[in-house]
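Asks: Next comes the structure file coords.cif, holding mmCIF, C-alpha atoms and all ligand atoms.
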```
data_input
loop_
_atom_site.label_atom_id
_atom_site.label_comp_id
_atom_site.auth_asym_id
_atom_site.auth_seq_id
_atom_site.Cartn_x
_atom_site.Cartn_y
_atom_site.Cartn_z
CA MET A 140 0.00 0.00 0.00
CA SER A 141 1.37 3.44 -0.88
CA GLN A 142 1.65 6.24 1.65
CA GLN A 143 -0.87 8.31 -0.32
CA GLU A 144 -3.47 5.53 -0.11
CA ALA A 145 -2.91 5.11 3.64
CA VAL A 146 -3.66 8.75 4.49
CA THR A 147 -7.42 9.10 4.83
CA PRO A 148 -9.48 12.08 6.01
CA TYR A 149 -11.01 10.50 9.11
CA GLY A 150 -8.44 7.80 9.82
CA GLY A 151 -10.38 4.90 8.28
CA SER A 152 -8.81 2.08 6.30
CA LYS A 153 -7.42 2.47 2.77
CA ASP A 154 -10.62 0.99 1.30
CA GLU A 155 -12.68 3.70 2.95
CA LYS A 156 -10.64 6.57 1.53
CA LYS A 157 -13.03 7.37 -1.34
CA LYS A 158 -16.08 7.37 0.93
CA GLU A 159 -14.29 9.55 3.49
CA VAL A 160 -13.02 11.97 0.82
CA ALA A 161 -16.55 12.40 -0.59
CA SER A 162 -18.04 12.99 2.84
CA MET A 163 -15.27 15.41 3.89
CA PHE A 164 -15.78 17.51 0.76
CA ASN A 165 -19.56 17.37 1.29
CA ASN A 166 -18.94 18.74 4.81
CA ILE A 167 -16.73 21.63 3.73
CA ALA A 168 -18.34 22.44 0.35
CA GLY A 169 -20.02 25.62 1.61
CA HIS A 170 -16.73 27.07 2.89
CA TYR A 171 -14.37 25.56 0.32
CA ASP A 172 -14.04 28.50 -2.09
CA PHE A 173 -13.58 31.08 0.63
CA LEU A 174 -10.98 29.03 2.49
CA ASN A 175 -9.15 28.13 -0.70
CA HIS A 176 -8.61 31.74 -1.70
CA PHE A 177 -8.07 32.98 1.86
CA LEU A 178 -5.53 30.35 2.93
CA SER A 179 -3.59 30.58 -0.33
CA VAL A 180 -3.86 34.39 -0.41
CA GLY A 181 -5.33 34.08 -3.89
CA ILE A 182 -2.30 32.34 -5.42
CA ASP A 183 -4.47 29.37 -6.39
CA LYS A 184 -6.16 31.56 -9.03
CA LEU A 185 -2.81 32.34 -10.67
CA TRP A 186 -1.92 28.66 -10.71
CA ARG A 187 -5.20 27.73 -12.40
CA ARG A 188 -4.57 30.46 -14.99
CA LYS A 189 -1.24 28.80 -15.85
CA VAL A 190 -3.04 25.49 -16.35
CA VAL A 191 -5.50 27.19 -18.70
CA LYS A 192 -2.64 28.68 -20.74
CA ILE A 193 -1.06 25.25 -21.21
CA VAL A 194 -4.38 23.62 -22.12
CA LYS A 195 -5.24 26.42 -24.56
CA SER A 196 -2.05 25.80 -26.53
CA TYR A 197 -3.53 22.41 -27.58
CA GLN A 198 -6.79 24.03 -28.81
CA PRO A 199 -8.99 21.28 -27.35
CA LYS A 200 -12.68 20.95 -28.23
CA GLN A 201 -13.78 18.57 -25.46
CA ILE A 202 -12.21 19.00 -22.00
CA LEU A 203 -12.71 16.78 -18.97
CA ASP A 204 -12.00 18.51 -15.65
CA MET A 205 -11.60 15.67 -13.20
CA ALA A 206 -12.23 16.21 -9.47
CA THR A 207 -13.77 19.50 -10.53
CA GLY A 208 -15.13 20.28 -7.06
CA THR A 209 -16.80 23.69 -7.07
CA GLY A 210 -15.74 24.19 -10.69
CA ASP A 211 -13.13 26.96 -10.45
CA LEU A 212 -10.84 25.33 -13.01
CA ALA A 213 -13.75 24.29 -15.26
CA ILE A 214 -14.92 27.92 -15.29
CA ALA A 215 -11.39 29.25 -15.91
CA LEU A 216 -11.04 26.76 -18.80
CA THR A 217 -13.73 28.58 -20.79
CA LYS A 218 -10.84 30.97 -21.65
CA ALA A 219 -9.33 28.12 -23.69
CA GLN A 220 -12.48 28.40 -25.86
CA PRO A 221 -13.39 24.71 -26.10
CA GLN A 222 -16.82 23.56 -27.30
CA LYS A 223 -17.54 21.69 -24.08
CA ILE A 224 -16.13 21.21 -20.58
CA VAL A 225 -17.32 18.32 -18.44
CA GLY A 226 -16.57 18.58 -14.73
CA VAL A 227 -16.73 15.32 -12.77
CA ASP A 228 -16.52 14.89 -9.00
CA LEU A 229 -17.29 12.40 -6.22
CA SER A 230 -18.88 14.97 -3.94
CA GLU A 231 -22.48 16.04 -4.51
CA GLY A 232 -22.01 18.98 -2.12
CA MET A 233 -19.06 20.40 -4.08
CA LEU A 234 -20.93 19.91 -7.38
CA GLU A 235 -24.00 21.72 -6.05
CA VAL A 236 -21.88 24.80 -5.26
CA GLY A 237 -20.20 24.51 -8.68
CA GLU A 238 -23.47 24.14 -10.59
CA LYS A 239 -24.79 27.31 -8.99
CA LYS A 240 -21.64 29.23 -9.99
CA VAL A 241 -21.89 27.94 -13.56
CA LYS A 242 -25.56 28.93 -13.74
CA ASP A 243 -24.92 32.38 -12.25
CA LEU A 244 -22.28 32.97 -14.92
CA GLY A 245 -24.62 31.76 -17.68
CA LEU A 246 -22.13 29.04 -18.66
CA GLN A 247 -24.45 26.03 -18.42
CA ASP A 248 -24.34 25.37 -22.20
CA GLN A 249 -20.57 25.17 -22.12
CA ILE A 250 -19.98 23.44 -18.77
CA SER A 251 -21.76 20.39 -17.41
CA MET A 252 -21.12 19.02 -13.93
CA GLU A 253 -21.52 15.32 -13.26
CA LEU A 254 -21.21 12.99 -10.30
CA GLY A 255 -18.54 10.37 -10.96
CA ASP A 256 -15.34 8.65 -9.94
CA SER A 257 -11.95 9.36 -11.52
CA GLU A 258 -10.95 5.77 -10.90
CA ASN A 259 -13.86 4.38 -12.93
CA ILE A 260 -14.68 7.01 -15.56
CA LEU A 261 -18.04 6.55 -17.22
CA PHE A 262 -16.97 7.74 -20.68
CA GLU A 263 -15.82 5.81 -23.71
CA ASP A 264 -12.15 5.46 -24.73
CA GLU A 265 -10.48 8.43 -26.42
CA LYS A 266 -13.35 10.87 -25.93
CA PHE A 267 -11.49 13.97 -24.71
CA ASP A 268 -8.98 16.38 -26.29
CA ALA A 269 -7.64 17.43 -22.87
CA ILE A 270 -7.99 16.40 -19.24
CA THR A 271 -7.22 18.57 -16.23
CA VAL A 272 -7.12 17.80 -12.50
CA ALA A 273 -6.49 20.51 -9.90
CA PHE A 274 -5.75 19.41 -6.33
CA GLY A 275 -7.56 16.12 -7.02
CA VAL A 276 -5.02 13.34 -7.62
CA ARG A 277 -3.72 13.61 -4.04
CA ASN A 278 -7.12 12.43 -2.87
CA TYR A 279 -7.48 9.44 -5.16
CA GLU A 280 -7.95 6.15 -3.34
CA ASN A 281 -5.99 4.35 -6.05
CA LEU A 282 -3.72 6.81 -7.86
CA ASP A 283 -2.43 4.40 -10.54
CA GLN A 284 -5.98 3.33 -11.41
CA GLY A 285 -7.06 6.99 -11.65
CA LEU A 286 -4.15 7.80 -13.96
CA SER A 287 -4.86 4.80 -16.23
CA GLU A 288 -8.52 5.75 -16.46
CA MET A 289 -7.66 9.31 -17.47
CA TYR A 290 -5.23 7.91 -20.06
CA ARG A 291 -7.98 5.67 -21.45
CA VAL A 292 -10.53 8.44 -22.08
CA LEU A 293 -7.95 10.82 -23.59
CA LYS A 294 -7.35 11.01 -27.37
CA ASN A 295 -3.88 10.33 -28.77
CA ASP A 296 -1.52 13.33 -28.74
CA SER A 297 -3.75 15.08 -26.19
CA PRO A 298 -2.62 16.45 -22.83
CA LEU A 299 -3.29 15.63 -19.22
CA VAL A 300 -2.50 18.67 -17.07
CA VAL A 301 -2.32 18.10 -13.32
CA LEU A 302 -2.04 20.89 -10.75
CA GLU A 303 -1.14 19.58 -7.30
CA PHE A 304 0.56 20.68 -4.10
CA SER A 305 4.16 19.60 -3.78
CA LYS A 306 6.84 19.78 -1.13
CA PRO A 307 9.20 22.78 -1.36
CA ARG A 308 12.79 21.66 -1.92
CA ASN A 309 14.60 24.51 -0.13
CA PRO A 310 15.10 23.22 3.46
CA ILE A 311 14.62 26.60 5.16
CA PHE A 312 11.53 27.55 3.18
CA ARG A 313 10.22 24.00 3.64
CA LYS A 314 10.44 24.40 7.44
CA ILE A 315 8.55 27.71 7.47
CA TYR A 316 5.99 26.42 4.99
CA PHE A 317 5.24 23.21 6.89
CA PHE A 318 4.95 25.17 10.12
CA TYR A 319 2.19 27.27 8.51
CA PHE A 320 0.70 24.24 6.80
CA LEU A 321 0.68 21.95 9.86
CA ASN A 322 -0.23 24.49 12.54
CA VAL A 323 -1.77 27.74 11.32
CA LEU A 324 -3.80 26.40 8.40
CA PRO A 325 -5.58 23.53 10.25
CA PHE A 326 -6.48 25.95 13.05
CA ILE A 327 -8.12 28.49 10.71
CA GLY A 328 -9.64 25.72 8.60
CA ARG A 329 -11.20 24.08 11.66
CA LEU A 330 -12.55 27.37 12.91
CA ILE A 331 -14.26 28.28 9.65
CA SER A 332 -15.22 24.95 8.10
CA LYS A 333 -16.26 23.30 11.40
CA ASP A 334 -14.76 20.04 10.11
CA SER A 335 -12.16 19.06 12.68
CA ARG A 336 -10.13 16.90 10.29
CA ALA A 337 -10.36 18.43 6.80
CA TYR A 338 -7.54 20.95 7.20
CA SER A 339 -5.29 18.49 9.04
CA TYR A 340 -5.85 15.92 6.30
CA LEU A 341 -4.74 18.55 3.76
CA PRO A 342 -1.08 18.84 4.89
CA GLU A 343 -0.95 15.12 5.72
CA SER A 344 -2.08 14.25 2.20
CA VAL A 345 0.40 16.71 0.68
CA LYS A 346 3.24 15.12 2.67
CA ALA A 347 2.18 11.64 1.56
CA PHE A 348 1.72 12.51 -2.13
CA PRO A 349 4.42 11.13 -4.45
CA ASP A 350 5.36 14.48 -6.00
CA GLY A 351 8.05 15.46 -8.52
CA ALA A 352 9.99 12.72 -10.27
CA VAL A 353 8.00 9.94 -8.55
CA PHE A 354 4.74 11.29 -9.98
CA GLU A 355 6.38 11.78 -13.38
CA ASN A 356 7.36 8.10 -13.33
CA LYS A 357 3.80 7.09 -12.48
CA LEU A 358 2.55 9.06 -15.49
CA LYS A 359 5.13 7.37 -17.72
CA ALA A 360 4.23 3.94 -16.30
CA VAL A 361 0.62 4.24 -17.51
CA GLY A 362 1.82 5.28 -20.97
CA PHE A 363 2.12 9.08 -20.98
CA LYS A 364 4.98 10.66 -22.92
CA SER A 365 6.59 14.13 -22.98
CA VAL A 366 6.11 14.41 -19.23
CA LYS A 367 7.09 17.85 -17.95
CA THR A 368 6.94 19.44 -14.48
CA ARG A 369 6.72 23.14 -13.74
CA SER A 370 7.43 24.15 -10.17
CA LEU A 371 5.23 26.99 -8.84
CA THR A 372 5.78 29.46 -6.00
CA PHE A 373 8.97 28.02 -4.42
CA GLY A 374 7.73 24.49 -5.13
CA ILE A 375 4.58 24.54 -3.00
CA ALA A 376 2.65 23.44 -6.07
CA SER A 377 3.53 21.88 -9.40
CA ILE A 378 1.95 21.57 -12.80
CA TYR A 379 2.56 18.25 -14.52
CA GLU A 380 1.94 18.17 -18.27
CA ALA A 381 1.85 14.82 -20.03
CA VAL A 382 0.75 13.74 -23.48
CA LYS A 383 -0.93 10.48 -24.51
C1 LIG B 401 -9.30 19.94 -3.19
S1 LIG B 401 -10.72 19.67 -4.14
C2 LIG B 401 -10.29 20.42 -5.68
C3 LIG B 401 -11.46 20.94 -6.45
C4 LIG B 401 -11.14 21.76 -7.69
N1 LIG B 401 -10.50 20.97 -8.70
C5 LIG B 401 -10.32 22.99 -7.37
O1 LIG B 401 -9.32 23.22 -8.03
O2 LIG B 401 -10.70 23.72 -6.48
C6 LIG B 401 -10.57 17.96 -4.49
C7 LIG B 401 -11.80 17.35 -5.16
O3 LIG B 401 -11.47 16.04 -5.62
C8 LIG B 401 -12.61 15.25 -5.55
N2 LIG B 401 -12.21 13.83 -5.67
C9 LIG B 401 -11.37 13.15 -4.86
N3 LIG B 401 -11.23 11.88 -5.29
C10 LIG B 401 -11.99 11.78 -6.41
C11 LIG B 401 -12.27 10.72 -7.31
N4 LIG B 401 -11.76 9.50 -7.14
N5 LIG B 401 -13.12 10.95 -8.34
C12 LIG B 401 -13.69 12.19 -8.50
N6 LIG B 401 -13.46 13.22 -7.69
C13 LIG B 401 -12.62 13.02 -6.65
C14 LIG B 401 -13.22 15.65 -4.21
O4 LIG B 401 -14.56 15.27 -4.08
C15 LIG B 401 -13.00 17.18 -4.23
O5 LIG B 401 -14.10 17.86 -4.72
#
```
Take the structure in the file and give it back as structure tokens.

Replies:
Amino acid sequence: MSQQEAVTPYGGSKDEKKKEVASMFNNIAGHYDFLNHFLSVGIDKLWRRKVVKIVKSYQPKQILDMATGTGDLAIALTKAQPQKIVGVDLSEGMLEVGEKKVKDLGLQDQISMELGDSENILFEDEKFDAITVAFGVRNYENLDQGLSEMYRVLKNDSPLVVLEFSKPRNPIFRKIYFFYFLNVLPFIGRLISKDSRAYSYLPESVKAFPDGAVFENKLKAVGFKSVKTRSLTFGIASIYEAVK
């Protein structure tokens, strides 16, 4: 069992990770957007913009935004001018918030939001021209299965673009960052979201995630080529670009 699979939101077994992840995101859905932007001081928006720029360079028509949550990346992806964006997520609560945002912006013809599992994608092979995942892969119960499924539904020569937290390499910055991440952030998160575990699970799951070269090798192992990593903001997040 990998470290990533062993870290679960409420301390249940590896096989309960998916259920726990869905229920944790259902619990925090109402506060998710606020906390995201507040705790990251808005940097998350810049990171998503970089993802959009990469995706746009492939001029995709059909985009799948996996683990779409409240739809921030799906909405930002309209700037890539595709015909259609499908956002899929495990959590009904997150999707409800996302659907409202999409409707309020009048984007419901361009973006659809669907309940589903990244590890068992209910679309046919080679359907999409691009797939994105922002802050999702860290939560997968079975990461390799999730990556193979995304590979399956992607067309040849099309990109998977993953945005995920990573561990800063600089030892001094890493110390300061993990102090904030392990102490300050869970405290504020607990106070606002009222979920006692969600914002402790966040740094734990970041620590356990196989980032950098290990993640690149996982992408290559399921068949992706031209795998490239861009380090963002002193390495606290990374964008992985890979082509089928
Ligand atoms: C941290 S949120 C990120 C949401 C959004 N992509 C963003 O950038 O704000 C992670 C999302 O991944 C979803 N998720 C986790 N595992 C999943 C899976 N196996 N299939 C689909 N969604 C999943 C959760 O329900 C949650 O909404």

Asks: Atom CA of Leu212 of chain A to atom C8 of ligand LIG 401 (chain B): how many Å, to one decimal?

Replies: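 Calculated distance between atom CA of Leu212 of chain A and atom C8 of ligand LIG 401 (chain B) is 12.7 Å.
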
Asks: Residues near Val366 of chain A, anyone? I mean within 7 Å using all atoms listed in the file, not counting same-chain ones fewer than 5 positions away, as a list in words.

Replies: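 Residues near the query, excluding close chain neighbours: Glu355, Glu380, Ala381 and Val382 of chain A.
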
Asks: When you draw a straight line from atom C12 of ligand LIG 401 (chain B) to atom CA of Glu238 of chain A, how long is it in Å?

Replies: 15.6 Å

Asks: Can you list, as a list in words, every protein, DNA or RNA residue that comes within 9 Å of Val191 of chain A when you count only C-alpha atoms, leaving out same-chain residues fewer than 5 positions away?

Replies: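 Surrounding residues, per the criterion: Trp186, Ser196, Leu212, Ala215, Leu216, Thr217, Lys218 and Ala219 of chain A.
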
Asks: Would you mind exporting the chosen residues as a PDB file, in the coordinates of the input, restricted to C-alpha atoms?

Replies:
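Output below, filename result16.pdb:
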```pdb
ATOM      1  CA  TRP A 186      -1.920  28.660 -10.710  1.00  0.00           C
ATOM      2  CA  SER A 196      -2.050  25.800 -26.530  1.00  0.00           C
ATOM      3  CA  LEU A 212     -10.840  25.330 -13.010  1.00  0.00           C
ATOM      4  CA  ALA A 215     -11.390  29.250 -15.910  1.00  0.00           C
ATOM      5  CA  LEU A 216     -11.040  26.760 -18.800  1.00  0.00           C
ATOM      6  CA  THR A 217     -13.730  28.580 -20.790  1.00  0.00           C
ATOM      7  CA  LYS A 218     -10.840  30.970 -21.650  1.00  0.00           C
ATOM      8  CA  ALA A 219      -9.330  28.120 -23.690  1.00  0.00           C
TER       9      ALA A 219
END
```

Asks: Return the single residue from A:Ala213, A:Ala145, A:Val241, A:Ala206 that is closest to ligand LIG 401 (chain B), with distances computed using only C-alpha atoms and all ligand atoms.

Replies: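 Going through A:Ala213, A:Ala145, A:Val241, A:Ala206 one by one, the smallest distance to ligand LIG 401 (chain B) is for A:Ala206.
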
Asks: Residues within 12 Å of Asp350 of chain A, please, as a PyMOL selection string. Count only C-alpha atoms; anything in the same chain fewer than 4 positions from it doesn't count.

Replies: chain A and resi 142-143+276-277+301-308+344-346+354-358+368-370+374-379

Asks: What would segment 157-191 of chain A look like with N, CA and C atoms in place, written as a PDB file, keeping the file's coordinate frame?

Replies:
```
ATOM      1  N   LYS A 157     -12.142   6.671  -0.400  1.00  0.00           N
ATOM      2  CA  LYS A 157     -13.030   7.370  -1.340  1.00  0.00           C
ATOM      3  C   LYS A 157     -14.288   7.864  -0.644  1.00  0.00           C
ATOM      4  N   LYS A 158     -14.853   6.995   0.196  1.00  0.00           N
ATOM      5  CA  LYS A 158     -16.080   7.370   0.930  1.00  0.00           C
ATOM      6  C   LYS A 158     -15.789   8.546   1.868  1.00  0.00           C
ATOM      7  N   GLU A 159     -14.665   8.476   2.543  1.00  0.00           N
ATOM      8  CA  GLU A 159     -14.290   9.550   3.490  1.00  0.00           C
ATOM      9  C   GLU A 159     -14.004  10.852   2.759  1.00  0.00           C
ATOM     10  N   VAL A 160     -13.334  10.760   1.597  1.00  0.00           N
ATOM     11  CA  VAL A 160     -13.020  11.970   0.820  1.00  0.00           C
ATOM     12  C   VAL A 160     -14.323  12.636   0.378  1.00  0.00           C
ATOM     13  N   ALA A 161     -15.262  11.821  -0.137  1.00  0.00           N
ATOM     14  CA  ALA A 161     -16.550  12.400  -0.590  1.00  0.00           C
ATOM     15  C   ALA A 161     -17.259  13.055   0.581  1.00  0.00           C
ATOM     16  N   SER A 162     -17.274  12.405   1.735  1.00  0.00           N
ATOM     17  CA  SER A 162     -18.040  12.990   2.840  1.00  0.00           C
ATOM     18  C   SER A 162     -17.326  14.213   3.417  1.00  0.00           C
ATOM     19  N   MET A 163     -15.994  14.214   3.419  1.00  0.00           N
ATOM     20  CA  MET A 163     -15.270  15.410   3.890  1.00  0.00           C
ATOM     21  C   MET A 163     -15.575  16.599   2.975  1.00  0.00           C
ATOM     22  N   PHE A 164     -15.519  16.378   1.659  1.00  0.00           N
ATOM     23  CA  PHE A 164     -15.780  17.510   0.760  1.00  0.00           C
ATOM     24  C   PHE A 164     -17.251  17.930   0.820  1.00  0.00           C
ATOM     25  N   ASN A 165     -18.145  16.968   1.076  1.00  0.00           N
ATOM     26  CA  ASN A 165     -19.560  17.370   1.290  1.00  0.00           C
ATOM     27  C   ASN A 165     -19.650  18.282   2.502  1.00  0.00           C
ATOM     28  N   ASN A 166     -18.902  17.941   3.561  1.00  0.00           N
ATOM     29  CA  ASN A 166     -18.940  18.740   4.810  1.00  0.00           C
ATOM     30  C   ASN A 166     -18.428  20.162   4.611  1.00  0.00           C
ATOM     31  N   ILE A 167     -17.369  20.309   3.811  1.00  0.00           N
ATOM     32  CA  ILE A 167     -16.730  21.630   3.730  1.00  0.00           C
ATOM     33  C   ILE A 167     -17.141  22.424   2.479  1.00  0.00           C
ATOM     34  N   ALA A 168     -18.015  21.830   1.652  1.00  0.00           N
ATOM     35  CA  ALA A 168     -18.340  22.440   0.350  1.00  0.00           C
ATOM     36  C   ALA A 168     -18.723  23.926   0.460  1.00  0.00           C
ATOM     37  N   GLY A 169     -19.524  24.250   1.468  1.00  0.00           N
ATOM     38  CA  GLY A 169     -20.020  25.620   1.610  1.00  0.00           C
ATOM     39  C   GLY A 169     -18.931  26.638   1.920  1.00  0.00           C
ATOM     40  N   HIS A 170     -17.821  26.163   2.503  1.00  0.00           N
ATOM     41  CA  HIS A 170     -16.730  27.070   2.890  1.00  0.00           C
ATOM     42  C   HIS A 170     -15.515  26.925   1.984  1.00  0.00           C
ATOM     43  N   TYR A 171     -15.574  25.938   1.081  1.00  0.00           N
ATOM     44  CA  TYR A 171     -14.370  25.560   0.320  1.00  0.00           C
ATOM     45  C   TYR A 171     -13.764  26.736  -0.454  1.00  0.00           C
ATOM     46  N   ASP A 172     -14.585  27.428  -1.234  1.00  0.00           N
ATOM     47  CA  ASP A 172     -14.040  28.500  -2.090  1.00  0.00           C
ATOM     48  C   ASP A 172     -13.390  29.592  -1.255  1.00  0.00           C
ATOM     49  N   PHE A 173     -14.112  30.009  -0.209  1.00  0.00           N
ATOM     50  CA  PHE A 173     -13.580  31.080   0.630  1.00  0.00           C
ATOM     51  C   PHE A 173     -12.237  30.658   1.232  1.00  0.00           C
ATOM     52  N   LEU A 174     -12.205  29.468   1.824  1.00  0.00           N
ATOM     53  CA  LEU A 174     -10.980  29.030   2.490  1.00  0.00           C
ATOM     54  C   LEU A 174      -9.820  28.834   1.510  1.00  0.00           C
ATOM     55  N   ASN A 175     -10.155  28.328   0.338  1.00  0.00           N
ATOM     56  CA  ASN A 175      -9.150  28.130  -0.700  1.00  0.00           C
ATOM     57  C   ASN A 175      -8.431  29.437  -1.018  1.00  0.00           C
ATOM     58  N   HIS A 176      -9.203  30.473  -1.290  1.00  0.00           N
ATOM     59  CA  HIS A 176      -8.610  31.740  -1.700  1.00  0.00           C
ATOM     60  C   HIS A 176      -7.957  32.443  -0.514  1.00  0.00           C
ATOM     61  N   PHE A 177      -8.574  32.324   0.660  1.00  0.00           N
ATOM     62  CA  PHE A 177      -8.070  32.980   1.860  1.00  0.00           C
ATOM     63  C   PHE A 177      -6.745  32.350   2.297  1.00  0.00           C
ATOM     64  N   LEU A 178      -6.720  31.025   2.413  1.00  0.00           N
ATOM     65  CA  LEU A 178      -5.530  30.350   2.930  1.00  0.00           C
ATOM     66  C   LEU A 178      -4.364  30.376   1.928  1.00  0.00           C
ATOM     67  N   SER A 179      -4.681  30.542   0.660  1.00  0.00           N
ATOM     68  CA  SER A 179      -3.590  30.580  -0.330  1.00  0.00           C
ATOM     69  C   SER A 179      -3.308  32.021  -0.760  1.00  0.00           C
ATOM     70  N   VAL A 180      -3.925  32.957  -0.052  1.00  0.00           N
ATOM     71  CA  VAL A 180      -3.860  34.390  -0.410  1.00  0.00           C
ATOM     72  C   VAL A 180      -4.026  34.629  -1.918  1.00  0.00           C
ATOM     73  N   GLY A 181      -4.954  33.854  -2.484  1.00  0.00           N
ATOM     74  CA  GLY A 181      -5.330  34.080  -3.890  1.00  0.00           C
ATOM     75  C   GLY A 181      -4.383  33.490  -4.922  1.00  0.00           C
ATOM     76  N   ILE A 182      -3.281  32.867  -4.439  1.00  0.00           N
ATOM     77  CA  ILE A 182      -2.300  32.340  -5.420  1.00  0.00           C
ATOM     78  C   ILE A 182      -2.909  31.211  -6.256  1.00  0.00           C
ATOM     79  N   ASP A 183      -3.881  30.498  -5.665  1.00  0.00           N
ATOM     80  CA  ASP A 183      -4.470  29.370  -6.390  1.00  0.00           C
ATOM     81  C   ASP A 183      -5.071  29.823  -7.733  1.00  0.00           C
ATOM     82  N   LYS A 184      -5.567  31.062  -7.771  1.00  0.00           N
ATOM     83  CA  LYS A 184      -6.160  31.560  -9.030  1.00  0.00           C
ATOM     84  C   LYS A 184      -5.094  31.713 -10.107  1.00  0.00           C
ATOM     85  N   LEU A 185      -3.907  32.184  -9.699  1.00  0.00           N
ATOM     86  CA  LEU A 185      -2.810  32.340 -10.670  1.00  0.00           C
ATOM     87  C   LEU A 185      -2.369  30.977 -11.195  1.00  0.00           C
ATOM     88  N   TRP A 186      -2.320  30.005 -10.298  1.00  0.00           N
ATOM     89  CA  TRP A 186      -1.920  28.660 -10.710  1.00  0.00           C
ATOM     90  C   TRP A 186      -2.903  28.075 -11.727  1.00  0.00           C
ATOM     91  N   ARG A 187      -4.195  28.262 -11.456  1.00  0.00           N
ATOM     92  CA  ARG A 187      -5.200  27.730 -12.400  1.00  0.00           C
ATOM     93  C   ARG A 187      -5.059  28.412 -13.754  1.00  0.00           C
ATOM     94  N   ARG A 188      -4.740  29.720 -13.734  1.00  0.00           N
ATOM     95  CA  ARG A 188      -4.570  30.460 -14.990  1.00  0.00           C
ATOM     96  C   ARG A 188      -3.428  29.859 -15.824  1.00  0.00           C
ATOM     97  N   LYS A 189      -2.369  29.429 -15.126  1.00  0.00           N
ATOM     98  CA  LYS A 189      -1.240  28.800 -15.850  1.00  0.00           C
ATOM     99  C   LYS A 189      -1.690  27.487 -16.502  1.00  0.00           C
ATOM    100  N   VAL A 190      -2.522  26.747 -15.785  1.00  0.00           N
ATOM    101  CA  VAL A 190      -3.040  25.490 -16.350  1.00  0.00           C
ATOM    102  C   VAL A 190      -3.830  25.798 -17.623  1.00  0.00           C
ATOM    103  N   VAL A 191      -4.667  26.826 -17.556  1.00  0.00           N
ATOM    104  CA  VAL A 191      -5.500  27.190 -18.700  1.00  0.00           C
ATOM    105  C   VAL A 191      -4.623  27.533 -19.912  1.00  0.00           C
TER     106      VAL A 191
END
```
